[in-house]
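Just start33.cif here, mmCIF, C-alpha atoms:
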```
data_coords
#
loop_
_atom_site.label_atom_id
_atom_site.label_comp_id
_atom_site.auth_asym_id
_atom_site.auth_seq_id
_atom_site.Cartn_x
_atom_site.Cartn_y
_atom_site.Cartn_z
CA MET S 1 35.30 42.27 -12.22
CA GLU S 2 37.91 41.44 -14.82
CA ARG S 3 40.89 39.21 -14.12
CA GLU S 4 43.35 42.13 -14.76
CA THR S 5 41.64 44.23 -12.12
CA VAL S 6 41.98 41.48 -9.52
CA LYS S 7 45.61 41.08 -10.52
CA ILE S 8 46.21 44.81 -9.93
CA TYR S 9 44.79 44.56 -6.38
CA VAL S 10 46.98 41.56 -5.57
CA GLN S 11 50.02 43.34 -6.97
CA TRP S 12 49.16 46.47 -4.96
CA GLY S 13 49.11 44.39 -1.76
CA TYR S 14 52.52 42.97 -2.55
CA GLU S 15 54.01 46.40 -3.31
CA PHE S 16 52.49 47.83 -0.13
CA LEU S 17 54.17 45.18 2.04
CA VAL S 18 57.51 45.74 0.29
CA SER S 19 57.20 49.50 0.79
CA GLN S 20 56.84 48.89 4.49
CA GLY S 21 60.28 47.35 4.53
CA MET S 22 59.30 43.67 4.38
CA ASN S 23 61.50 41.18 2.58
CA PRO S 24 60.11 40.64 -0.98
CA TYR S 25 60.05 36.84 -0.49
CA TRP S 26 58.00 37.01 2.72
CA ALA S 27 55.91 39.84 1.31
CA MET S 28 54.87 37.59 -1.57
CA ILE S 29 53.97 34.71 0.78
CA ILE S 30 51.99 36.86 3.22
CA ASN S 31 50.25 38.72 0.41
CA THR S 32 49.23 35.41 -1.18
CA LEU S 33 47.96 34.02 2.15
CA VAL S 34 45.96 37.16 2.92
CA ALA S 35 44.47 37.19 -0.56
CA THR S 36 43.62 33.48 -0.29
CA VAL S 37 41.89 33.93 3.08
CA VAL S 38 39.92 36.92 1.80
CA VAL S 39 38.87 35.03 -1.32
CA ALA S 40 37.98 31.94 0.74
CA LEU S 41 35.74 33.99 3.04
CA LEU S 42 34.10 35.74 0.11
CA VAL S 43 33.59 32.48 -1.76
CA THR S 44 32.12 30.80 1.35
CA LEU S 45 29.74 33.73 1.86
CA LEU S 46 28.83 33.65 -1.82
CA ASP S 47 28.24 29.90 -1.64
CA ILE S 48 25.82 30.31 1.28
CA ILE S 49 23.96 33.18 -0.39
CA THR S 50 23.84 31.45 -3.79
CA ARG S 51 22.61 28.20 -2.25
CA LYS S 52 19.81 29.89 -0.32
CA VAL S 53 18.75 31.98 -3.31
CA ILE S 54 18.71 29.05 -5.75
CA VAL S 55 16.91 26.77 -3.27
CA GLN S 56 14.25 29.41 -2.58
CA VAL S 57 13.81 30.09 -6.31
CA PHE S 58 13.38 26.36 -6.95
CA LYS S 59 10.84 26.05 -4.12
CA ALA S 60 8.86 29.04 -5.33
CA PHE S 61 8.91 27.68 -8.89
CA SER S 62 7.88 24.18 -7.81
CA ASN S 63 4.96 25.55 -5.77
CA LYS S 64 3.55 27.28 -8.84
CA THR S 65 3.82 24.38 -11.25
CA LYS S 66 1.35 21.52 -11.50
CA THR S 67 3.91 18.79 -12.01
CA SER S 68 5.52 17.21 -8.98
CA PHE S 69 8.84 16.55 -10.71
CA ASP S 70 10.38 19.83 -9.54
CA ASP S 71 9.17 19.12 -5.99
CA PHE S 72 11.18 15.92 -6.01
CA LEU S 73 14.16 17.85 -7.42
CA VAL S 74 14.09 20.08 -4.35
CA LYS S 75 13.78 17.10 -1.99
CA SER S 76 16.78 15.40 -3.62
CA ASN S 77 18.97 18.50 -2.97
CA PHE S 78 19.43 19.20 -6.67
CA PRO S 79 19.37 23.03 -6.17
CA ARG S 80 21.98 22.78 -3.39
CA PHE S 81 24.43 20.92 -5.61
CA ILE S 82 23.83 23.27 -8.55
CA ALA S 83 24.56 26.25 -6.30
CA HIS S 84 28.06 24.92 -5.57
CA PHE S 85 29.09 25.43 -9.21
CA VAL S 86 29.04 29.23 -8.84
CA PRO S 87 31.75 29.54 -6.12
CA LEU S 88 33.69 26.71 -7.78
CA GLY S 89 33.81 28.67 -11.02
CA ILE S 90 34.98 31.80 -9.19
CA VAL S 91 37.78 29.93 -7.39
CA TRP S 92 38.87 28.37 -10.67
CA TRP S 93 38.88 31.82 -12.26
CA LEU S 94 40.98 33.37 -9.46
CA LEU S 95 43.43 30.49 -9.04
CA PRO S 96 45.95 31.62 -11.70
CA ILE S 97 46.02 35.13 -10.19
CA LEU S 98 46.45 34.17 -6.54
CA PHE S 99 49.12 31.54 -7.12
CA GLU S 100 50.84 32.89 -10.20
CA ALA S 101 54.17 32.83 -8.38
CA TYR S 102 53.67 29.22 -7.25
CA PRO S 103 52.99 27.11 -10.35
CA SER S 104 53.38 23.79 -8.50
CA LEU S 105 50.88 24.79 -5.82
CA GLN S 106 48.58 26.19 -8.49
CA ARG S 107 48.67 22.85 -10.33
CA ALA S 108 47.96 20.90 -7.13
CA LEU S 109 45.03 23.13 -6.22
CA SER S 110 43.77 22.90 -9.79
CA ILE S 111 43.76 19.10 -9.53
CA ILE S 112 41.85 19.30 -6.23
CA LEU S 113 39.25 21.56 -7.85
CA GLU S 114 38.94 19.15 -10.78
CA LEU S 115 38.43 16.24 -8.40
CA TYR S 116 35.80 18.24 -6.55
CA LEU S 117 34.12 19.02 -9.87
CA VAL S 118 33.96 15.29 -10.70
CA VAL S 119 32.41 14.53 -7.29
CA LEU S 120 29.95 17.40 -7.67
CA CYS S 121 28.88 16.17 -11.10
CA ILE S 122 28.29 12.69 -9.66
CA LEU S 123 26.20 14.15 -6.82
CA VAL S 124 24.11 16.14 -9.31
CA PHE S 125 23.64 13.00 -11.40
CA ARG S 126 22.58 11.07 -8.26
CA SER S 127 20.05 13.73 -7.31
CA ILE S 128 18.54 13.55 -10.81
CA LEU S 129 18.29 9.75 -10.60
CA ARG S 130 16.66 9.95 -7.17
CA THR S 131 14.23 12.51 -8.49
CA LEU S 132 13.27 10.27 -11.42
CA ASN S 133 12.92 7.29 -9.07
CA ASN S 134 10.63 9.13 -6.64
CA TYR S 135 8.67 10.84 -9.39
CA LEU S 136 7.91 7.61 -11.24
CA ARG S 137 7.19 5.65 -8.06
CA TYR S 138 4.87 8.15 -6.38
CA SER S 139 3.38 9.98 -9.35
CA LYS S 140 3.02 7.21 -11.95
CA GLU S 141 0.93 4.30 -10.75
CA SER S 142 2.28 1.97 -13.44
CA TYR S 143 5.80 2.29 -11.96
CA SER S 144 4.88 2.11 -8.27
CA ASP S 145 5.64 -1.61 -7.96
CA LYS S 146 8.70 -1.73 -10.26
CA PRO S 147 12.28 -2.24 -8.91
CA LEU S 148 13.42 1.24 -10.02
CA GLU S 149 15.95 1.48 -7.23
CA SER S 150 17.95 -1.34 -8.79
CA TYR S 151 18.44 0.66 -11.98
CA VAL S 152 19.36 3.76 -9.99
CA GLN S 153 22.03 1.81 -8.14
CA VAL S 154 23.44 0.37 -11.37
CA LEU S 155 23.68 3.82 -12.95
CA MET S 156 25.33 5.16 -9.79
CA ILE S 157 27.90 2.36 -9.86
CA PHE S 158 28.58 3.25 -13.48
CA ALA S 159 28.88 6.95 -12.56
CA TRP S 160 31.30 6.25 -9.71
CA GLY S 161 33.26 3.92 -12.00
CA VAL S 162 33.68 6.74 -14.52
CA GLY S 163 34.56 9.04 -11.63
CA VAL S 164 37.29 6.65 -10.46
CA PHE S 165 38.80 6.62 -13.94
CA PHE S 166 38.89 10.42 -13.92
CA PHE S 167 40.44 10.40 -10.44
CA VAL S 168 43.22 8.10 -11.64
CA ASN S 169 43.74 10.21 -14.72
CA LEU S 170 43.92 13.48 -12.76
CA LEU S 171 46.17 12.16 -9.99
CA THR S 172 48.58 10.13 -12.10
CA GLY S 173 48.21 11.57 -15.58
CA TYR S 174 47.88 8.00 -16.87
CA SER S 175 45.64 7.76 -19.92
CA ILE S 176 42.49 5.66 -19.52
CA LYS S 177 42.14 5.18 -23.27
CA SER S 178 44.42 2.16 -23.41
CA LEU S 179 42.51 -1.02 -24.28
CA ALA S 180 44.75 -3.02 -21.99
CA THR S 181 43.96 -0.68 -19.12
CA LEU S 182 40.25 -0.89 -19.80
CA GLY S 183 40.43 -4.69 -20.07
CA ALA S 184 42.26 -5.01 -16.77
CA ALA S 185 39.87 -2.57 -15.14
CA SER S 186 36.88 -4.51 -16.49
CA ALA S 187 38.24 -7.76 -15.05
CA VAL S 188 38.72 -6.12 -11.65
CA LEU S 189 35.24 -4.59 -11.75
CA LEU S 190 33.67 -7.92 -12.69
CA LEU S 191 35.42 -9.55 -9.74
CA ILE S 192 34.56 -6.84 -7.24
CA PHE S 193 30.98 -6.29 -8.37
CA LYS S 194 30.06 -9.91 -9.11
CA ASP S 195 27.09 -9.88 -6.69
CA THR S 196 26.03 -6.47 -7.93
CA ILE S 197 26.05 -7.63 -11.55
CA LEU S 198 24.06 -10.74 -10.64
CA GLY S 199 21.61 -8.54 -8.76
CA PHE S 200 21.28 -6.23 -11.73
CA VAL S 201 20.58 -9.13 -14.08
CA ALA S 202 18.06 -10.50 -11.59
CA SER S 203 16.37 -7.09 -11.32
CA ILE S 204 15.93 -6.94 -15.08
CA GLN S 205 14.50 -10.48 -15.18
CA ILE S 206 12.21 -9.71 -12.25
CA SER S 207 10.92 -6.58 -13.97
CA VAL S 208 10.61 -7.99 -17.49
CA ASN S 209 9.01 -11.28 -16.38
CA ASP S 210 6.93 -9.55 -13.70
CA ILE S 211 8.04 -12.08 -11.08
CA VAL S 212 7.79 -9.84 -8.01
CA ARG S 213 6.41 -6.37 -7.46
CA ILE S 214 6.59 -4.05 -4.49
CA GLY S 215 3.50 -4.82 -2.42
CA ASP S 216 3.38 -8.53 -3.33
CA TRP S 217 2.92 -11.05 -0.54
CA ILE S 218 5.62 -13.70 -0.88
CA THR S 219 6.65 -16.76 1.12
CA PHE S 220 10.33 -17.71 0.93
CA SER S 221 10.91 -20.54 3.40
CA LYS S 222 14.66 -20.68 2.76
CA TYR S 223 15.09 -17.21 4.24
CA GLY S 224 12.18 -17.31 6.69
CA ALA S 225 10.31 -14.60 4.77
CA ASP S 226 6.52 -14.48 4.82
CA GLY S 227 5.04 -11.05 4.20
CA TYR S 228 4.87 -8.07 1.86
CA VAL S 229 7.72 -6.86 -0.35
CA THR S 230 8.52 -3.28 0.68
CA ASN S 231 11.63 -2.60 -1.36
CA ILE S 232 13.57 -4.09 -4.29
CA ASN S 233 17.07 -2.84 -4.94
CA LEU S 234 20.21 -4.06 -6.63
CA ALA S 235 21.46 -6.27 -3.81
CA THR S 236 18.45 -7.23 -1.69
CA VAL S 237 14.69 -7.54 -1.56
CA LYS S 238 13.19 -6.31 1.72
CA VAL S 239 10.18 -8.20 3.08
CA GLN S 240 8.07 -7.09 6.04
CA ASN S 241 6.83 -10.25 7.74
CA PHE S 242 3.45 -10.50 9.44
CA ASP S 243 5.09 -10.22 12.88
CA ASN S 244 6.44 -6.82 11.70
CA THR S 245 10.01 -8.11 11.47
CA TYR S 246 12.01 -7.57 8.29
CA THR S 247 13.81 -10.16 6.20
CA THR S 248 16.29 -9.29 3.47
CA ILE S 249 16.65 -11.69 0.56
CA PRO S 250 19.43 -11.53 -2.07
CA THR S 251 17.83 -10.27 -5.26
CA TYR S 252 19.42 -13.01 -7.33
CA SER S 253 17.78 -15.66 -5.11
CA LEU S 254 14.39 -14.72 -6.56
CA ILE S 255 15.68 -16.08 -9.88
CA ALA S 256 17.86 -18.93 -8.62
CA ASP S 257 15.54 -20.38 -5.93
CA SER S 258 11.86 -21.24 -5.66
CA PHE S 259 9.46 -19.10 -3.65
CA GLN S 260 5.72 -18.53 -3.44
CA ASN S 261 4.08 -15.33 -4.67
CA TRP S 262 0.48 -14.84 -3.52
CA ARG S 263 -0.30 -12.14 -6.09
CA GLY S 264 -2.26 -14.59 -8.24
CA MET S 265 -4.57 -15.27 -5.31
CA GLN S 266 -4.93 -11.56 -4.56
CA ASP S 267 -5.79 -10.78 -8.18
CA SER S 268 -8.19 -13.73 -8.55
CA PRO S 269 -11.91 -13.60 -7.65
CA GLY S 270 -11.44 -15.92 -4.67
CA ARG S 271 -9.07 -17.47 -2.16
CA ARG S 272 -8.84 -21.24 -1.97
CA ILE S 273 -10.04 -23.26 1.01
CA LYS S 274 -8.55 -26.76 0.97
CA ARG S 275 -8.79 -28.76 4.17
CA SER S 276 -9.81 -32.30 5.17
CA LEU S 277 -11.79 -33.99 7.92
CA PHE S 278 -10.60 -37.50 8.83
CA ILE S 279 -13.46 -39.95 9.42
CA LYS S 280 -13.04 -43.18 11.33
CA GLN S 281 -13.52 -45.99 8.84
CA ARG S 282 -15.40 -48.24 11.28
CA SER S 283 -18.10 -45.54 11.71
CA VAL S 284 -19.08 -45.76 8.01
CA LYS S 285 -22.22 -47.86 7.43
CA PHE S 286 -25.27 -48.48 5.23
CA LEU S 287 -28.38 -46.52 6.17
CA SER S 288 -31.65 -48.26 6.97
CA SER S 289 -35.03 -46.85 5.94
CA GLU S 290 -35.62 -45.59 9.47
CA GLU S 291 -32.27 -43.79 9.55
CA ILE S 292 -32.95 -42.22 6.15
CA GLU S 293 -36.32 -40.94 7.38
CA ASN S 294 -34.63 -39.47 10.41
CA LEU S 295 -32.00 -37.72 8.24
CA LYS S 296 -34.79 -36.18 6.13
CA LYS S 297 -35.34 -33.81 9.02
CA ILE S 298 -32.12 -32.08 7.95
CA GLN S 299 -33.48 -29.51 5.51
CA LEU S 300 -30.38 -29.10 3.36
CA ILE S 301 -30.33 -32.72 2.24
CA LYS S 302 -34.03 -33.64 2.35
CA PRO S 303 -34.54 -33.10 -1.44
CA TYR S 304 -31.42 -35.13 -2.21
CA LEU S 305 -32.46 -38.00 0.09
CA GLU S 306 -35.94 -38.17 -1.42
CA HIS S 307 -34.62 -38.17 -4.98
CA ARG S 308 -31.90 -40.68 -4.18
CA GLU S 309 -34.31 -42.94 -2.29
CA ARG S 310 -36.63 -43.15 -5.31
CA ASP S 311 -33.73 -44.15 -7.59
CA VAL S 312 -32.45 -46.76 -5.12
CA ASN S 313 -35.88 -48.33 -4.56
CA LYS S 314 -36.56 -48.45 -8.29
CA TYR S 315 -33.28 -50.23 -8.93
CA ASN S 316 -33.77 -52.69 -6.07
CA ARG S 317 -37.28 -53.61 -7.26
CA ALA S 318 -36.03 -54.10 -10.80
CA THR S 319 -33.25 -56.43 -9.63
CA GLU S 320 -35.42 -58.07 -6.94
CA ALA S 321 -32.72 -57.38 -4.37
CA ASP S 322 -33.09 -59.18 -1.03
CA LYS S 323 -33.29 -56.27 1.38
CA SER S 324 -33.35 -58.46 4.44
CA LEU S 325 -29.64 -57.63 4.35
CA LEU S 326 -28.68 -54.02 3.74
CA ILE S 327 -25.65 -55.03 1.69
CA ASN S 328 -27.84 -56.36 -1.10
CA GLY S 329 -28.77 -54.05 -3.95
CA ARG S 330 -28.13 -50.37 -3.86
CA ASN S 331 -27.88 -48.49 -0.57
CA GLN S 332 -27.03 -45.11 0.82
CA THR S 333 -24.21 -44.70 3.32
CA ASN S 334 -23.93 -42.19 6.12
CA LEU S 335 -20.58 -40.99 4.72
CA GLY S 336 -22.07 -40.42 1.23
CA VAL S 337 -24.98 -38.48 2.70
CA PHE S 338 -22.56 -36.41 4.81
CA ARG S 339 -20.57 -35.52 1.68
CA LYS S 340 -23.74 -34.29 0.01
CA TYR S 341 -24.60 -32.33 3.13
CA ALA S 342 -21.18 -30.64 3.11
CA ASP S 343 -21.59 -29.85 -0.59
CA ALA S 344 -25.04 -28.35 -0.01
CA LEU S 345 -23.68 -26.34 2.94
CA LEU S 346 -21.02 -24.77 0.73
CA HIS S 347 -23.55 -23.92 -1.99
CA GLU S 348 -25.75 -22.22 0.61
CA ASN S 349 -22.88 -20.22 2.11
CA PRO S 350 -22.90 -16.61 0.73
CA ALA S 351 -19.17 -16.23 1.51
CA ILE S 352 -18.25 -18.96 -1.02
CA ASN S 353 -17.74 -18.07 -4.68
CA LYS S 354 -19.97 -20.49 -6.61
CA ASP S 355 -18.50 -19.42 -9.96
CA MET S 356 -15.16 -20.96 -9.04
CA PHE S 357 -14.32 -24.60 -8.54
CA LEU S 358 -16.24 -26.19 -5.65
CA MET S 359 -15.99 -29.82 -4.59
CA VAL S 360 -16.27 -32.13 -1.57
CA ARG S 361 -14.24 -35.23 -2.34
CA HIS S 362 -13.38 -38.58 -0.82
CA LEU S 363 -9.60 -39.15 -0.72
CA PRO S 364 -7.84 -42.54 -0.40
CA PRO S 365 -8.08 -43.97 3.15
CA THR S 366 -5.04 -43.54 5.38
CA SER S 367 -3.95 -44.82 8.77
CA GLU S 368 -5.62 -41.71 10.22
CA GLY S 369 -8.99 -42.42 8.60
CA ILE S 370 -10.84 -41.43 5.47
CA PRO S 371 -10.06 -37.86 4.38
CA ILE S 372 -13.11 -35.88 3.28
CA GLU S 373 -11.64 -32.81 1.61
CA ILE S 374 -13.38 -29.47 1.25
CA PHE S 375 -12.20 -27.64 -1.87
CA CYS S 376 -13.70 -24.21 -2.63
CA PHE S 377 -12.94 -20.48 -2.83
CA SER S 378 -14.04 -17.66 -0.56
CA TYR S 379 -15.02 -14.26 -1.96
CA ASP S 380 -13.10 -12.41 0.73
CA LYS S 381 -9.34 -12.80 0.28
CA ARG S 382 -8.23 -10.81 3.31
CA TRP S 383 -6.36 -13.12 5.65
CA GLU S 384 -8.36 -12.49 8.81
CA ASN S 385 -11.76 -12.75 7.12
CA TYR S 386 -10.63 -15.77 5.12
CA GLU S 387 -9.69 -17.60 8.32
CA HIS S 388 -13.05 -16.72 9.88
CA ILE S 389 -14.94 -18.10 6.86
CA GLN S 390 -12.89 -21.29 6.86
CA ALA S 391 -13.30 -21.77 10.61
CA ASP S 392 -17.08 -21.26 10.44
CA ILE S 393 -17.41 -23.95 7.77
CA PHE S 394 -15.40 -26.54 9.65
CA ASP S 395 -16.90 -25.66 13.03
CA HIS S 396 -20.29 -26.48 11.56
CA LEU S 397 -19.17 -29.68 9.83
CA ILE S 398 -17.40 -31.02 12.93
CA ALA S 399 -20.53 -30.37 14.99
CA ALA S 400 -22.72 -31.99 12.28
CA ILE S 401 -20.77 -35.25 12.01
CA PRO S 402 -22.50 -37.02 14.98
CA TYR S 403 -25.90 -36.48 13.28
CA PHE S 404 -24.74 -38.91 10.58
CA ASP S 405 -23.45 -41.50 13.08
CA LEU S 406 -19.91 -40.77 11.98
CA GLU S 407 -16.81 -40.26 14.11
CA LEU S 408 -13.75 -38.09 13.61
CA HIS S 409 -10.35 -39.70 13.90
CA GLU S 410 -8.26 -38.29 16.70
CA VAL S 411 -5.05 -39.50 18.30
CA PRO S 412 -5.96 -40.75 21.82
CA SER S 413 -5.02 -38.37 24.62
CA GLY S 414 -3.99 -39.25 28.14
CA SER S 415 -7.58 -39.18 29.44
CA ASP S 416 -8.73 -41.48 26.61
CA LEU S 417 -6.08 -44.05 27.50
CA ALA S 418 -6.95 -43.76 31.18
CA LYS S 419 -10.60 -44.50 30.43
CA LEU S 420 -9.63 -47.57 28.41
CA THR S 421 -7.46 -48.80 31.25
CA LEU S 422 -10.27 -48.32 33.78
CA LYS S 423 -12.72 -50.08 31.49
CA ASP S 424 -10.40 -53.09 31.10
CA THR S 425 -9.88 -53.39 34.89
CA GLY S 426 -13.55 -52.88 35.65
CA GLU S 427 -12.85 -49.82 37.79
CA THR S 428 -14.77 -46.51 37.65
CA ASP S 429 -13.64 -42.95 37.92
#
```
Here is the file; what I need is its structure written in the form of structure tokens.
Amino acid sequence: MERETVKIYVQWGYEFLVSQGMNPYWAMIINTLVATVVVALLVTLLDIITRKVIVQVFKAFSNKTKTSFDDFLVKSNFPRFIAHFVPLGIVWWLLPILFEAYPSLQRALSIILELYLVVLCILVFRSILRTLNNYLRYSKESYSDKPLESYVQVLMIFAWGVGVFFFVNLLTGYSIKSLATLGAASAVLLLIFKDTILGFVASIQISVNDIVRIGDWITFSKYGADGYVTNINLATVKVQNFDNTYTTIPTYSLIADSFQNWRGMQDSPGRRIKRSLFIKQRSVKFLSSEEIENLKKIQLIKPYLEHRERDVNKYNRATEADKSLLINGRNQTNLGVFRKYADALLHENPAINKDMFLMVRHLPPTSEGIPIEIFCFSYDKRWENYEHIQADIFDHLIAAIPYFDLELHEVPSGSDLAKLTLKDTGETD
């Protein structure tokens, strides 16, 4: 339908009302209102039909293609927004005809349509960004752990910023090309979006330096976060803690503050076990020949004891050491033998990675005793299994300590103090 044809119909309506004896002024107003209502109903109906047709065509097309990009386009409502351009174009085309007699109203409605067009373009742009975000995250494995949402948010802020400039230009007619205007606007934007800009910079640094990925286990004591990163956006990083609560961390804090990322452990061939047993110093002693023979019954250290005993006896004979006192010459201690036992136990354990660093070491004595530290790596890095492996090792070592005439240090409890009191007074339980 050509514009002149529509104009003829509108003019016919006006002439019909005048022929019925209506005042020309009121005839023009009523004719315009009736025409506007009819056009509005037709445009609304056309919008519904166009939207359904375009959406169905997109769905049918996406089902036949192998790529998933068009599927994400449908999910992001891209076809719906595109469909709105058809009725918008028709209204724009009819506007000069319907309101030819009202230039001021025509100009106002034209501005409203232009504002709507700006908003619609921004919504289409947003749907495309969301589509790219979802497509890269769920279809491209290399992008699944990248903070893509941060870039989407930055581009959307830029889009809305451009939209605001157009709004100002359309509503006030004030040119946005002035350098002074742009400078003032930039200063205001920097002030308003300070945190956003910092977050954007942090997102780039996080991505480029590969500091944090989605799926990483991080510990951030300052914010009480200890769990897996589920989302990284422009303003916050979302962490699901192990008690299923969520903690949000400002994105910039990942650059400004210190936190712990467990990805290195997860990617490595083992998870570290580093824990100490505290031995009472007064329980450490030299071993006599009889005690060494008794300890040879422990299969794990029998070869070591026999080899060590030959070396000690050879040295003592060469130096003619007086062995009437154990302190003379070389001697084995129960603590040294226990360390070798712990070392042999770790080497025999199939859950321990022998290709990684493994050591049982004697740390400087403290007021709580002598720390004997176990330092090794388990094959299994899953938290639950790791704790089971660690517990099994230390359960065994704690139970083995009495076999070496050693004692663990422990802060006295109420019952221990009560027994000492009874012993001092000569009373019994």
Check what the PyMOL selection byres ((chain S and resi 269) around 9) selects in the file above and give those residues as a PyMOL selection string.
chain S and resi 265-268+270-271+353+356+377-381
Take the residues from that selection and write them out as a JSON list (two decimals), keeping the file's coordinate frame, keeping C-alpha atoms.
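again-v2.json was written with the following content:
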```json
[["chain", "number", "residue", "atom", "x", "y", "z"],
["S", 265, "MET", "CA", -4.57, -15.27, -5.31],
["S", 266, "GLN", "CA", -4.93, -11.56, -4.56],
["S", 267, "ASP", "CA", -5.79, -10.78, -8.18],
["S", 268, "SER", "CA", -8.19, -13.73, -8.55],
["S", 270, "GLY", "CA", -11.44, -15.92, -4.67],
["S", 271, "ARG", "CA", -9.07, -17.47, -2.16],
["S", 353, "ASN", "CA", -17.74, -18.07, -4.68],
["S", 356, "MET", "CA", -15.16, -20.96, -9.04],
["S", 377, "PHE", "CA", -12.94, -20.48, -2.83],
["S", 378, "SER", "CA", -14.04, -17.66, -0.56],
["S", 379, "TYR", "CA", -15.02, -14.26, -1.96],
["S", 380, "ASP", "CA", -13.10, -12.41, 0.73],
["S", 381, "LYS", "CA", -9.34, -12.80, 0.28]]
```
Picked residues, the PyMOL selection byres ((chain S and resi 289) around 12), as number ranges by chain
S: 286-288, 290-296, 305-306, 309-310, 312-313, 323-324, 326, 331-333
Please list as a ChimeraX atom specification every residue within 10 Å of S:Asp243, counting all atoms listed in the file and excluding residues in the same chain fewer than 3 positions away.
/S:226-227,240,246
So, with all atoms listed in the file as the atoms that count, which of S:Val152, S:Val118, S:Leu198, S:Leu363 lies closest to S:Val164?
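Counting all atoms listed in the file, the residue closest to S:Val164 is S:Val118.
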In the coordinates of the file, take the point (-14.5, -27.4, -4.5) and a cut-off of 9 Å; then, counting only C-alpha atoms, name each qualifying protein, DNA or RNA residue as a list in words.
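Here the neighbourhood of the point contains Arg272, Ile273, Lys274, Asp343, Leu346, Met356, Phe357, Leu358, Met359, Val360, Arg361, Glu373, Ile374, Phe375, Cys376 and Phe377 of chain S.
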What's around S:Asn328 at 12 Å? Count only C-alpha atoms, leave out sequence neighbours fewer than 6 positions away in its own chain, and write the answer as a list in words.
Phe286, Val312, Asn313, Tyr315, Asn316, Arg317, Thr319, Glu320, Ala321 and Asp322 of chain S
Output the residue selection produced by the PyMOL selection byres ((chain S and resi 149) around 10) on the file above, formatted as a list in words.
Leu129, Arg130, Asn133, Asn134, Arg137, Lys146, Pro147, Leu148, Ser150, Tyr151, Val152, Gln153, Val154, Leu155, Ser203, Asn231, Ile232, Asn233 and Leu234 of chain S
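Atom CA of S:Val119 lies 28.9 Å from atom CA of S:Val237.
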What separation in Å, quoted to one decimal, exists between atom CA of S:Leu45 and atom CA of S:Arg107?
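Computing the Euclidean distance for atom CA of S:Leu45 and atom CA of S:Arg107 yields 25.0 Å.
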Between atom CA of S:Ile370 and atom CA of S:Phe278, distance in Å (one decimal)
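Distance reported for this atom pair: 5.2 Å.
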Go through S:Thr65, S:Thr236, S:Thr50, S:Ser367 one by one, measure the shortest atom-to-atom distance of each to S:Lys280 using all atoms listed in the file, and give the residue with the smallest value.
S:Ser367
